[in-house]
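Shown next: data_39.txt, given as compact mmCIF, C-alpha atoms.
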# COMPACT_ATOMS: atom_id res chain seq x y z
CA MET A 1 -14.57 25.33 6.97
CA LYS A 2 -13.62 25.33 10.64
CA LYS A 3 -9.90 25.99 10.88
CA ASP A 4 -7.53 24.37 13.30
CA LYS A 5 -4.44 26.46 13.88
CA ASN A 6 -2.16 23.42 13.94
CA GLN A 7 -3.66 21.53 11.04
CA ALA A 8 -2.24 21.58 7.54
CA LEU A 9 -4.48 22.30 4.57
CA LEU A 10 -3.95 20.60 1.24
CA PHE A 11 -4.87 22.03 -2.15
CA GLN A 12 -4.88 19.83 -5.21
CA MET A 13 -3.80 21.80 -8.26
CA SER A 14 -3.18 21.17 -11.87
CA SER A 15 -1.26 24.20 -13.08
CA LYS A 16 1.28 24.05 -15.86
CA GLY A 17 4.44 26.13 -15.47
CA GLU A 18 4.77 29.36 -17.42
CA ASP A 19 6.57 28.36 -20.65
CA TRP A 20 6.66 24.74 -19.45
CA ASP A 21 4.11 22.23 -20.69
CA ASN A 22 5.94 19.43 -18.94
CA LEU A 23 6.15 21.02 -15.49
CA GLN A 24 3.09 20.67 -13.28
CA LEU A 25 2.31 22.23 -9.93
CA LEU A 26 0.49 19.35 -8.25
CA ARG A 27 -0.26 20.22 -4.65
CA VAL A 28 0.17 23.05 -2.17
CA ILE A 29 0.19 22.25 1.53
CA LEU A 30 -0.21 25.11 3.99
CA HIS A 31 1.30 23.84 7.21
CA PRO A 32 1.53 26.17 10.21
CA GLU A 33 5.32 25.74 10.11
CA TYR A 34 5.98 25.65 6.37
CA THR A 35 4.46 25.76 2.91
CA LYS A 36 5.13 22.68 0.80
CA VAL A 37 4.67 22.70 -2.95
CA ASP A 38 4.74 19.44 -4.93
CA PHE A 39 5.72 19.38 -8.58
CA GLY A 40 5.87 16.83 -11.38
CA TYR A 41 8.31 17.16 -14.27
CA THR A 42 8.30 14.95 -17.35
CA ALA A 43 11.25 14.86 -19.73
CA THR A 44 10.53 15.77 -23.36
CA ASP A 45 11.81 15.04 -26.84
CA TYR A 46 13.29 18.52 -27.04
CA TYR A 47 16.53 17.69 -25.23
CA VAL A 48 19.08 14.94 -25.78
CA LYS A 49 18.35 12.10 -23.33
CA GLY A 50 15.61 14.24 -21.78
CA GLY A 51 17.92 17.02 -20.57
CA TRP A 52 18.40 17.98 -16.94
CA VAL A 53 16.70 19.77 -14.04
CA ARG A 54 17.68 21.65 -10.92
CA ILE A 55 16.29 24.42 -8.75
CA HIS A 56 17.76 27.73 -7.66
CA ASP A 57 17.60 28.42 -3.95
CA CYS A 58 16.48 31.96 -4.71
CA ILE A 59 13.04 30.62 -5.67
CA SER A 60 10.28 32.23 -3.60
CA ILE A 61 6.53 32.49 -3.22
CA ASP A 62 5.54 36.07 -3.89
CA SER A 63 2.15 36.79 -2.40
CA LYS A 64 -0.14 39.13 -4.31
CA THR A 65 -2.41 39.24 -1.27
CA ASP A 66 -0.09 40.63 1.41
CA GLY A 67 2.85 41.68 -0.82
CA LYS A 68 5.28 39.51 1.12
CA SER A 69 7.90 37.20 -0.31
CA TYR A 70 8.03 33.77 1.33
CA GLN A 71 11.54 32.37 1.14
CA PHE A 72 12.70 28.95 0.03
CA LYS A 73 13.70 26.64 2.89
CA ALA A 74 14.47 23.20 1.44
CA ALA A 75 14.14 20.92 -1.58
CA GLU A 76 13.20 17.26 -1.71
CA ASN A 77 14.18 15.03 -4.62
CA ILE A 78 15.65 17.79 -6.81
CA PRO A 79 19.22 19.09 -6.74
CA ILE A 80 19.90 22.74 -5.88
CA TYR A 81 22.01 24.85 -8.26
CA PRO A 82 24.84 24.35 -9.21
CA ALA A 83 24.12 20.60 -8.94
CA GLN A 84 21.73 19.12 -11.48
CA HIS A 85 19.89 15.91 -12.24
CA ASN A 86 20.54 14.49 -15.69
CA PHE A 87 17.75 12.41 -17.14
CA GLU A 88 18.64 9.22 -18.95
CA SER A 89 15.81 9.25 -21.47
CA LYS A 90 13.13 11.40 -23.06
CA ARG A 91 10.48 9.44 -21.14
CA ASP A 92 11.90 10.00 -17.65
CA TRP A 93 10.03 11.89 -14.94
CA MET A 94 10.61 13.46 -11.57
CA TYR A 95 8.39 14.19 -8.62
CA PHE A 96 9.83 16.80 -6.29
CA SER A 97 8.82 19.12 -3.46
CA LEU A 98 9.93 22.55 -2.33
CA TYR A 99 9.51 23.97 1.16
CA PHE A 100 8.98 27.65 1.85
CA GLU A 101 8.22 29.84 4.84
CA PRO A 102 4.62 29.35 6.02
CA ILE A 103 1.92 31.28 4.21
CA PRO A 104 -1.00 32.27 6.49
CA GLN A 105 -4.04 30.04 6.11
CA GLN A 106 -6.28 32.58 4.43
CA ASP A 107 -7.57 33.09 0.89
CA CYS A 108 -4.60 34.20 -1.17
CA GLU A 109 -3.08 34.57 -4.62
CA PHE A 110 0.62 34.27 -5.38
CA ASN A 111 3.34 33.69 -7.93
CA ILE A 112 6.19 31.23 -7.63
CA ILE A 113 9.29 32.76 -9.17
CA GLU A 114 12.55 30.87 -9.51
CA SER A 115 14.75 33.89 -10.10
CA ASP A 116 13.67 35.92 -13.11
CA PRO A 117 9.94 36.17 -13.88
CA LYS A 118 10.73 36.84 -17.56
CA ASN A 119 13.22 34.03 -18.04
CA PRO A 120 11.45 31.18 -19.91
CA ASP A 121 14.08 28.74 -18.60
CA ASP A 122 13.07 29.34 -14.99
CA PHE A 123 10.37 27.43 -13.16
CA ASN A 124 7.78 30.16 -12.80
CA PHE A 125 4.09 29.97 -11.95
CA PHE A 126 1.74 32.93 -11.94
CA ASP A 127 -1.59 33.73 -10.32
CA ILE A 128 -1.99 30.69 -8.12
CA ALA A 129 -5.18 31.25 -6.14
CA LEU A 130 -6.07 29.34 -2.98
CA LYS A 131 -9.48 29.48 -1.36
CA MET A 132 -9.37 28.09 2.17
CA ASN A 133 -12.83 26.51 1.88
CA GLU A 134 -11.48 24.35 -0.97
CA GLY A 135 -8.60 22.98 1.10
CA GLU A 136 -8.59 19.46 2.53
CA LYS A 137 -7.49 18.99 6.13
CA VAL A 138 -4.39 16.81 6.41
CA LEU A 139 -4.37 14.20 9.18
CA GLU A 140 -1.05 13.68 10.89
CA LEU A 141 -1.12 10.23 12.51
CA MET B 142 -9.16 -18.49 52.47
CA GLY B 143 -10.93 -15.55 54.03
CA ASP B 144 -8.34 -13.19 52.49
CA LEU B 145 -8.88 -14.80 49.08
CA ILE B 146 -12.64 -14.40 49.30
CA ASP B 147 -12.15 -10.72 50.25
CA ALA B 148 -9.72 -10.18 47.37
CA VAL B 149 -12.19 -11.68 44.87
CA TYR B 150 -14.94 -9.50 46.32
CA ASP B 151 -12.76 -6.38 45.93
CA LYS B 152 -12.05 -7.26 42.31
CA LEU B 153 -15.43 -8.57 41.14
CA GLY B 154 -17.79 -6.89 43.58
CA GLU B 155 -19.52 -10.13 44.53
CA GLU B 156 -19.00 -12.73 47.17
CA VAL B 157 -17.97 -16.25 46.16
CA ALA B 158 -18.11 -19.43 48.19
CA SER B 159 -14.88 -21.03 49.48
CA GLU B 160 -15.85 -24.17 47.48
CA THR B 161 -15.75 -22.15 44.28
CA ILE B 162 -12.24 -20.91 45.06
CA GLN B 163 -11.08 -24.43 45.94
CA LYS B 164 -12.48 -25.63 42.61
CA ASP B 165 -10.68 -22.84 40.75
CA ILE B 166 -7.37 -23.64 42.45
CA ARG B 167 -7.73 -27.29 41.49
CA LYS B 168 -8.41 -26.24 37.90
CA MET B 169 -5.43 -23.89 37.83
CA LYS B 170 -3.16 -26.80 38.81
CA LEU B 171 -4.30 -28.91 35.84
CA LEU B 172 -2.07 -29.28 32.79
CA PRO B 173 -2.82 -27.16 29.70
CA PRO B 174 -5.12 -26.88 27.88
CA ASP B 175 -7.48 -27.68 30.81
CA GLY B 176 -5.55 -25.55 33.30
CA PHE B 177 -2.42 -23.45 33.72
CA GLU B 178 -0.14 -25.97 35.45
CA ALA B 179 0.08 -23.42 38.25
CA PRO B 180 2.56 -24.38 40.99
CA ILE B 181 0.12 -23.75 43.88
CA LYS B 182 0.81 -25.12 47.34
CA TYR B 183 -0.79 -24.67 50.72
CA ASN B 184 1.54 -22.94 53.18
CA ARG B 185 0.74 -24.21 56.68
CA ARG B 186 2.81 -21.52 58.39
CA HIS B 187 0.92 -18.70 56.70
CA HIS B 188 -2.37 -20.59 56.51
CA GLY B 189 -2.79 -19.77 52.85
CA TYR B 190 -2.05 -20.67 49.26
CA GLU B 191 1.04 -19.54 47.35
CA TYR B 192 2.94 -20.05 44.10
CA THR B 193 6.07 -22.11 44.74
CA ASP B 194 7.62 -20.23 41.78
CA PRO B 195 7.20 -16.53 42.68
CA LYS B 196 7.71 -15.56 38.99
CA PHE B 197 4.74 -17.61 37.85
CA THR B 198 1.80 -15.77 36.36
CA ILE B 199 -1.23 -16.93 34.44
CA LYS B 200 -1.23 -13.63 32.57
CA GLY B 201 1.79 -14.66 30.50
CA LEU B 202 1.56 -16.92 27.46
CA LYS B 203 2.16 -20.54 28.16
CA LEU B 204 3.97 -22.13 25.25
CA SER B 205 5.16 -25.68 25.14
CA SER B 206 8.49 -26.55 23.52
CA ASN B 207 6.41 -27.84 20.60
CA ASP B 208 4.63 -24.48 20.34
CA ILE B 209 7.95 -22.67 20.32
CA GLU B 210 9.39 -24.92 17.62
CA SER B 211 6.25 -24.46 15.51
CA LEU B 212 6.51 -20.69 15.86
CA LYS B 213 10.15 -20.76 14.79
CA GLU B 214 9.27 -22.87 11.76
CA SER B 215 6.45 -20.46 10.88
CA ILE B 216 8.85 -17.53 11.03
CA ASP B 217 11.24 -19.30 8.67
CA LEU B 218 8.43 -20.12 6.28
CA VAL B 219 6.99 -16.62 6.27
CA GLN B 220 10.44 -15.22 5.63
CA TYR B 221 10.92 -17.53 2.67
CA LEU B 222 7.47 -16.89 1.28
CA GLY B 223 7.16 -13.21 2.00
CA GLY B 224 10.55 -11.57 1.98
CA SER B 225 8.51 -8.44 2.47
CA ARG B 226 7.39 -5.95 5.06
CA VAL B 227 4.58 -8.31 6.03
CA SER B 228 7.04 -10.99 7.01
CA MET B 229 9.25 -8.39 8.67
CA ASN B 230 6.38 -7.25 10.89
CA PHE B 231 5.40 -10.85 11.61
CA THR B 232 8.97 -11.70 12.55
CA HIS B 233 9.21 -8.74 14.90
CA ALA B 234 5.93 -9.69 16.59
CA MET B 235 7.05 -13.29 16.98
CA GLU B 236 10.43 -12.18 18.24
CA LYS B 237 8.65 -10.40 21.07
CA VAL B 238 6.71 -13.54 21.98
CA LEU B 239 9.79 -15.73 21.89
CA THR B 240 11.90 -13.20 23.76
CA SER B 241 9.48 -13.37 26.65
CA TYR B 242 10.35 -17.06 26.75
CA GLN B 243 14.05 -16.25 26.54
CA GLU B 244 14.24 -18.40 23.45
CA ALA B 245 17.25 -17.92 21.23
CA PHE B 246 15.90 -16.51 17.98
CA PRO B 247 17.44 -18.19 14.96
CA LYS B 248 18.74 -14.94 13.49
CA GLY B 249 22.39 -15.76 13.03
CA ASP B 250 21.86 -19.40 12.18
CA VAL B 251 23.38 -20.55 8.96
CA LYS B 252 20.58 -22.70 7.67
CA ARG B 253 20.13 -24.85 4.68
CA GLN B 254 17.47 -23.19 2.59
CA ILE B 255 14.79 -25.74 1.92
CA VAL B 256 12.18 -23.46 0.35
CA GLN B 257 12.98 -21.01 -2.39
CA THR B 258 10.37 -18.64 -3.69
CA ASP B 259 10.29 -15.85 -6.20
CA SER B 260 11.25 -12.92 -4.00
CA PRO B 261 12.06 -9.90 -6.13
CA PRO B 262 14.05 -7.01 -4.69
CA ALA B 263 12.04 -4.34 -2.90
CA SER B 264 10.12 -2.32 -5.44
CA ARG B 265 9.38 1.40 -5.53
CA GLY B 266 6.29 2.36 -3.57
CA PHE B 267 6.37 -0.68 -1.30
CA GLU B 268 7.43 1.63 1.52
CA TYR B 269 3.80 2.85 1.49
CA PHE B 270 2.44 -0.61 2.28
CA ASP B 271 1.94 0.13 6.01
CA PHE B 272 0.49 3.55 5.21
CA PHE B 273 -2.19 2.10 2.94
CA PHE B 274 -2.79 -0.86 5.22
CA ARG B 275 -3.77 1.60 7.95
CA ALA B 276 -5.85 3.66 5.50
CA CYS B 277 -7.79 0.50 4.54
CA MET B 278 -8.16 -0.65 8.16
CA ASP B 279 -9.23 2.70 9.59
CA ARG B 280 -11.10 3.92 6.49
CA ILE B 281 -9.05 7.07 5.95
CA PRO B 282 -9.20 8.95 2.62
CA VAL B 283 -5.81 9.65 1.07
CA SER B 284 -4.39 12.30 -1.23
CA ILE B 285 -1.93 10.86 -3.72
CA VAL B 286 0.18 12.03 -6.62
CA HIS B 287 -0.05 9.43 -9.36
CA TYR B 288 2.26 9.07 -12.33
CA SER B 289 0.86 7.28 -15.37
CA TYR B 290 3.40 5.22 -17.31
CA THR B 291 1.16 5.21 -20.36
CA LYS B 292 0.15 8.88 -20.39
CA HIS B 293 3.58 10.07 -19.21
CA SER B 294 1.93 12.57 -16.88
CA PHE B 295 1.12 13.26 -13.23
CA ASN B 296 -2.26 13.53 -11.59
CA THR B 297 -3.38 14.42 -8.06
CA LEU B 298 -6.19 12.30 -6.68
CA VAL B 299 -8.18 11.67 -3.53
CA ILE B 300 -8.83 7.98 -3.05
CA HIS B 301 -10.70 5.97 -0.41
CA PRO B 302 -8.62 2.80 -0.05
CA VAL B 303 -10.35 -0.51 0.62
CA LEU B 304 -7.95 -3.21 -0.49
CA LEU B 305 -4.24 -3.87 -0.92
CA LYS B 306 -3.86 -6.40 -3.71
CA GLU B 307 -0.81 -8.32 -4.85
CA PHE B 308 -0.56 -9.70 -8.35
CA ASP B 309 2.53 -11.09 -10.03
CA ASN B 310 4.77 -9.71 -7.27
CA HIS B 311 3.37 -6.20 -7.73
CA TRP B 312 1.32 -4.39 -5.11
CA TYR B 313 -1.75 -2.30 -5.86
CA ILE B 314 -4.15 -0.17 -3.84
CA VAL B 315 -7.81 -0.41 -4.73
CA GLY B 316 -10.28 2.25 -3.73
CA TYR B 317 -12.94 4.72 -4.73
CA SER B 318 -11.45 7.66 -6.62
CA ASP B 319 -13.24 10.99 -6.20
CA HIS B 320 -11.97 12.13 -9.59
CA HIS B 321 -13.02 8.99 -11.50
CA GLU B 322 -16.19 8.53 -9.40
CA MET B 323 -15.62 4.80 -9.37
CA ILE B 324 -13.45 2.06 -7.89
CA ARG B 325 -9.96 2.20 -9.39
CA THR B 326 -6.69 0.34 -9.00
CA PHE B 327 -3.34 2.11 -8.60
CA GLY B 328 0.10 0.49 -8.62
CA LEU B 329 2.04 1.43 -5.49
CA ASP B 330 5.09 1.96 -7.71
CA ARG B 331 3.34 4.90 -9.41
CA ILE B 332 2.23 6.66 -6.23
CA TYR B 333 4.11 9.51 -4.60
CA ASP B 334 3.79 11.11 -1.19
CA PRO B 335 0.39 9.85 0.06
CA LEU B 336 -1.22 11.95 2.80
CA TYR B 337 -4.10 11.07 5.11
CA LEU B 338 -7.05 13.44 4.86
CA GLN B 339 -9.65 14.36 7.42
CA LYS B 340 -12.82 13.96 5.40
CA ALA B 341 -15.74 11.60 5.05
CA PHE B 342 -14.79 8.16 3.74
CA GLN B 343 -16.63 6.97 0.63
CA GLU B 344 -17.52 3.40 1.45
CA GLY B 345 -18.50 2.36 -2.07
CA ASN B 346 -20.24 -0.95 -2.51
CA SER B 347 -17.98 -3.43 -0.73
CA LEU B 348 -19.97 -6.46 -1.87
CA GLU B 349 -19.68 -5.29 -5.45
CA GLN B 350 -15.93 -4.80 -4.97
CA GLU B 351 -15.52 -8.30 -3.61
CA GLU B 352 -17.49 -9.86 -6.46
CA TYR B 353 -15.65 -7.70 -8.94
CA PHE B 354 -12.22 -8.89 -7.88
CA LYS B 355 -13.26 -12.51 -7.72
CA ASP B 356 -14.10 -12.35 -11.41
CA VAL B 357 -10.94 -10.68 -12.67
CA TYR B 358 -7.61 -12.23 -13.51
CA GLY B 359 -5.09 -9.56 -12.53
CA VAL B 360 -5.84 -6.02 -11.48
CA TYR B 361 -6.81 -3.93 -14.49
CA PRO B 362 -10.17 -4.97 -16.00
CA ILE B 363 -10.65 -3.81 -19.60
CA LYS B 364 -12.81 -0.69 -19.56
CA GLY B 365 -16.46 -1.32 -20.38
CA GLU B 366 -16.18 -5.10 -20.35
CA VAL B 367 -18.43 -7.23 -18.14
CA LYS B 368 -18.19 -10.80 -16.90
CA GLN B 369 -18.35 -13.04 -19.97
CA LYS B 370 -17.51 -16.44 -21.37
CA ILE B 371 -14.07 -16.74 -22.96
CA ILE B 372 -13.38 -19.86 -24.99
CA PHE B 373 -10.00 -20.74 -26.42
CA GLN B 374 -8.18 -23.63 -27.96
CA ALA B 375 -4.95 -24.70 -26.28
CA SER B 376 -2.13 -26.81 -27.73
CA PRO B 377 -1.11 -29.97 -25.83
CA MET B 378 1.77 -28.05 -24.26
CA ALA B 379 -0.44 -25.12 -23.19
CA THR B 380 -3.09 -27.58 -21.97
CA ASN B 381 -0.56 -29.23 -19.65
CA TYR B 382 0.44 -25.91 -18.14
CA LEU B 383 -3.09 -24.59 -17.77
CA GLN B 384 -4.37 -27.81 -16.23
CA ALA B 385 -1.57 -27.60 -13.68
CA HIS B 386 -2.00 -23.86 -13.11
CA PRO B 387 -5.61 -22.84 -13.76
CA ILE B 388 -6.11 -19.19 -14.71
CA HIS B 389 -9.30 -18.78 -12.69
CA ASP B 390 -11.71 -20.76 -10.52
CA SER B 391 -14.18 -20.82 -13.41
CA GLN B 392 -11.76 -22.64 -15.74
CA LYS B 393 -13.16 -25.73 -17.48
CA VAL B 394 -10.94 -27.89 -19.68
CA LEU B 395 -12.37 -30.13 -22.40
CA LYS B 396 -9.44 -32.31 -23.34
CA LYS B 397 -9.30 -33.92 -26.78
CA GLU B 398 -7.79 -37.14 -28.03
CA ARG B 399 -4.64 -35.45 -29.33
CA ALA B 400 -4.07 -33.83 -25.90
CA ASP B 401 -5.03 -30.38 -27.07
CA SER B 402 -8.12 -28.85 -25.48
CA VAL B 403 -10.90 -26.30 -25.52
CA ILE B 404 -10.81 -24.21 -22.36
CA THR B 405 -13.61 -22.04 -21.04
CA LEU B 406 -13.34 -19.20 -18.55
CA GLU B 407 -16.04 -16.97 -17.14
CA LEU B 408 -14.61 -13.66 -16.01
CA ILE B 409 -14.16 -9.97 -16.75
CA PRO B 410 -11.39 -9.66 -19.37
CA SER B 411 -8.36 -7.78 -18.10
CA VAL B 412 -5.14 -6.33 -19.40
CA GLU B 413 -3.27 -9.11 -17.60
CA LEU B 414 -5.40 -11.82 -19.23
CA VAL B 415 -4.58 -10.46 -22.70
CA ARG B 416 -0.92 -10.37 -21.71
CA LEU B 417 -1.12 -13.98 -20.50
CA PHE B 418 -2.73 -15.15 -23.76
CA ARG B 419 -0.08 -13.33 -25.76
CA SER B 420 2.69 -15.00 -23.74
CA TYR B 421 1.46 -18.38 -25.05
CA GLY B 422 1.88 -17.23 -28.67
CA ARG B 423 0.39 -19.64 -31.15
CA ASP B 424 -0.20 -22.28 -28.48
CA ILE B 425 -3.46 -20.52 -27.68
CA ARG B 426 -6.18 -19.51 -30.14
CA ILE B 427 -9.18 -17.52 -28.95
CA ILE B 428 -12.51 -18.84 -30.19
CA GLU B 429 -14.82 -16.44 -28.34
CA PRO B 430 -15.40 -13.52 -27.99
CA ALA B 431 -14.48 -12.21 -31.43
CA TRP B 432 -13.29 -8.83 -30.15
CA LEU B 433 -10.67 -10.56 -28.00
CA THR B 434 -9.45 -12.58 -31.00
CA ASN B 435 -9.07 -9.36 -32.98
CA LYS B 436 -7.33 -7.57 -30.12
CA ILE B 437 -4.72 -10.30 -29.76
CA LEU B 438 -4.26 -10.62 -33.52
CA GLN B 439 -3.79 -6.84 -33.81
CA ILE B 440 -1.12 -6.81 -31.11
CA ARG B 441 0.56 -9.88 -32.59
CA GLY B 442 0.45 -8.36 -36.09
CA GLY B 443 1.94 -5.12 -34.77
CA ASN B 444 4.77 -6.99 -33.11
CA GLU B 445 5.54 -9.02 -36.21
CA LYS B 446 5.88 -5.89 -38.33
CA ARG B 447 8.64 -4.56 -36.06
Show this structure as structure tokens.
Amino acid sequence: MKKDKNQALLFQMSSKGEDWDNLQLLRVILHPEYTKVDFGYTATDYYVKGGWVRIHDCISIDSKTDGKSYQFKAAENIPIYPAQHNFESKRDWMYFSLYFEPIPQQDCEFNIIESDPKNPDDFNFFDIALKMNEGEKVLEL
Amino acid sequence: MGDLIDAVYDKLGEEVASETIQKDIRKMKLLPPDGFEAPIKYNRRHHGYEYTDPKFTIKGLKLSSNDIESLKESIDLVQYLGGSRVSMNFTHAMEKVLTSYQEAFPKGDVKRQIVQTDSPPASRGFEYFDFFFRACMDRIPVSIVHYSYTKHSFNTLVIHPVLLKEFDNHWYIVGYSDHHEMIRTFGLDRIYDPLYLQKAFQEGNSLEQEEYFKDVYGVYPIKGEVKQKIIFQASPMATNYLQAHPIHDSQKVLKKERADSVITLELIPSVELVRLFRSYGRDIRIIEPAWLTNKILQIRGGNEKR
């Protein structure tokens, strides 16, 4: 695929979170100025009224390719700790996005770690692999 | 006149006779729609023609007071009927036209409402209307995140939008889905964060799409079902309603002496059609096809057990 330095690449994913059947990593967008990761969370029967969600601002993308840690920049549609979103029912859902520092547009593999890779309560994803020739070019109109 | 002939030559690159220009001037002076009602007069001092109103131009729109009133009425009507982004865009466009005529726009007017329509509050996803309108117009594939109410799960899809469809005050986008490898319908309320993609657009079979939607009541055809004859018996009450508000163009009503009827439809059964039949309760009884009778009886039976 011919790469344009200023064009974002979109990767459609369908990864479940480590220890989370109801947390999905949906899309990764490699923009020259940021990396955007879209998630879907569905409330479960496990918690009263579906429980709650929030994100720690110490979440990062840890690249296995270049060894760098790409820091969290902003969250969209999910509160940042100590705030939290309380669901109203066990059938609620939430679509949210996290922004990180830009990852170079090259084949890579990384983990997304909220704070502790061993904590089953954290939103952690392991071994996410992106192949640039599988990315879709995003049109900004 | 010589200057005029030169000016026309400069613009068009061909010479015209002075008679032609005289004829054009005469035509410009005529009242609309034959001419422009141009205020042209011969100026003896300058030996030439001029507009007596220096602001006059034939490039602007010429609207009569009747035209302006009609436009204002249209805006009111669209606002009553639409109450949506469509009417908002229309109003803005018309505002521009009327502003050029320095017409007071009836924004602050306290008016007696003479048309009331079902205009529900703005629904989730409607903010993407313009986005998908452009995708359909310019044939741009789109990446979407879709949440399924029934499966209680998310999905990421690439769709090739062809049609924005409204049914029962809900908006849907119809297009070819790469994942499903067929035309699918998605409620705008279940779509998140659509993004335009730079890739080849899958045209699909537009004729087939058009035919397909002509033969469906609603937006979600029942999987695997084709266009078929549906016959049902309607009570006198249901007959009155359905005669006044036919379900589909194919509807045929055979009215009986007691005012009940046998009604025939020819269409592809849809989720919305089943829902409509159920809403009539025992005032409607399906005669054909048998599977539809069973489906409605099953749902009805299930509800009665609750």
Quick one: of B:Arg426, B:Pro410, B:Gln392, B:Arg416, who's nearest to Gly365 (chain B), counting all atoms listed in the file?
B:Pro410
Atom pair CA of Phe126 (chain A) / CA of Leu338 (chain B): separation (Å):
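These atoms are spaced 27.2 Å apart.
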Chain B residues near chain A within 8 Å, closest pair each, using all atoms listed in the file, as CSV:
residue,atom,partner,partner_atom,distance
B:Val286,CA,A:Leu26,CA,7.5
B:His293,CA,A:Thr42,CA,7.0
B:Ser294,CA,A:Thr42,CA,6.8
B:Phe295,CA,A:Gly40,CA,6.2
B:Asn296,CA,A:Leu26,CA,7.3
B:Thr297,CA,A:Leu26,CA,6.3
B:Leu298,CA,A:Gln12,CA,7.8
B:Tyr333,CA,A:Tyr95,CA,7.5
B:Leu336,CA,A:Val138,CA,6.8
B:Tyr337,CA,A:Leu139,CA,5.1
B:Leu338,CA,A:Val138,CA,4.6
B:Gln339,CA,A:Lys137,CA,5.3
B:Lys340,CA,A:Lys137,CA,7.4
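From CA of Ile199 (chain B) back to CA of Lys170 (chain B), the distance works out to 11.0 Å.
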Which neighbours of Glu76 (chain A) fall inside 12 Å, counting only C-alpha atoms, when residues of the same chain fewer than 2 positions from it are skipped, and could you give them as a PyMOL selection string?
(chain A and resi 36-39+54-55+72-74+78-80+94-100) or (chain B and resi 334)
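Interatomic distance, CA of Gln369 (chain B) against CA of Leu395 (chain B): 18.3 Å.
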Of the candidates B:Thr193, B:Ser289, B:Thr405, B:Asn207, which one gets nearest to Pro387 (chain B) if we count only C-alpha atoms?
B:Thr405
Pick out the closest residue to Asp309 (chain B) from this set: B:Leu153, B:Leu417, B:Val367, B:Ala179. Count all atoms listed in the file.
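Using all atoms listed in the file, the shortest distance to Asp309 (chain B) belongs to B:Leu417.
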Please provide as a short mmCIF file (atom, residue, chain, number, x, y, z; two decimals) with C-alpha atoms, in the coordinates of the input all residues within 7 Å of Val53 (chain A), with the sequence filter that same-chain residues fewer than 6 positions apart are discarded (counting all atoms listed in the file).
data_model
loop_
_atom_site.label_atom_id
_atom_site.label_comp_id
_atom_site.auth_asym_id
_atom_site.auth_seq_id
_atom_site.Cartn_x
_atom_site.Cartn_y
_atom_site.Cartn_z
CA GLN A 84 21.73 19.12 -11.48
CA HIS A 85 19.89 15.91 -12.24
CA ASN A 86 20.54 14.49 -15.69
#
Shell of 8 Å around Val360 (chain B), only C-alpha atoms, local chain residues under 6 positions omitted, as a PDB file with C-alpha atoms, in the coordinates of the input:
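Contents of out_25.pdb, freshly written:
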ATOM      1  CA  PHE B 308      -0.560  -9.700  -8.350  1.00  0.00           C
ATOM      2  CA  TYR B 313      -1.750  -2.300  -5.860  1.00  0.00           C
ATOM      3  CA  THR B 326      -6.690   0.340  -9.000  1.00  0.00           C
ATOM      4  CA  PHE B 354     -12.220  -8.890  -7.880  1.00  0.00           C
ATOM      5  CA  SER B 411      -8.360  -7.780 -18.100  1.00  0.00           C
ATOM      6  CA  VAL B 412      -5.140  -6.330 -19.400  1.00  0.00           C
ATOM      7  CA  GLU B 413      -3.270  -9.110 -17.600  1.00  0.00           C
TER       8      GLU B 413
END
Non-local contacts of Asp121 (chain A) (10 Å; only C-alpha atoms; under 6 positions in same chain excluded) as number ranges by chain
A: 18-20, 114-115
Hey, what's within 8 Å of Lys90 (chain A) if we count only C-alpha atoms and toss same-chain stuff fewer than 4 positions away? As a JSON list (two decimals) with C-alpha atoms, in the coordinates of the input, please?
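selection.json was written with the following content:
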[["chain", "number", "residue", "atom", "x", "y", "z"],
["A", 43, "ALA", "CA", 11.25, 14.86, -19.73],
["A", 44, "THR", "CA", 10.53, 15.77, -23.36],
["A", 45, "ASP", "CA", 11.81, 15.04, -26.84],
["A", 47, "TYR", "CA", 16.53, 17.69, -25.23],
["A", 48, "VAL", "CA", 19.08, 14.94, -25.78],
["A", 49, "LYS", "CA", 18.35, 12.10, -23.33],
["A", 50, "GLY", "CA", 15.61, 14.24, -21.78],
["A", 51, "GLY", "CA", 17.92, 17.02, -20.57]]
So, with all atoms listed in the file as the atoms that count, which of A:Ala75, A:Glu101, A:Phe87, A:Gln7 lies closest to Thr35 (chain A)?
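The shortest atom-to-atom distance to Thr35 (chain A) comes from A:Glu101.
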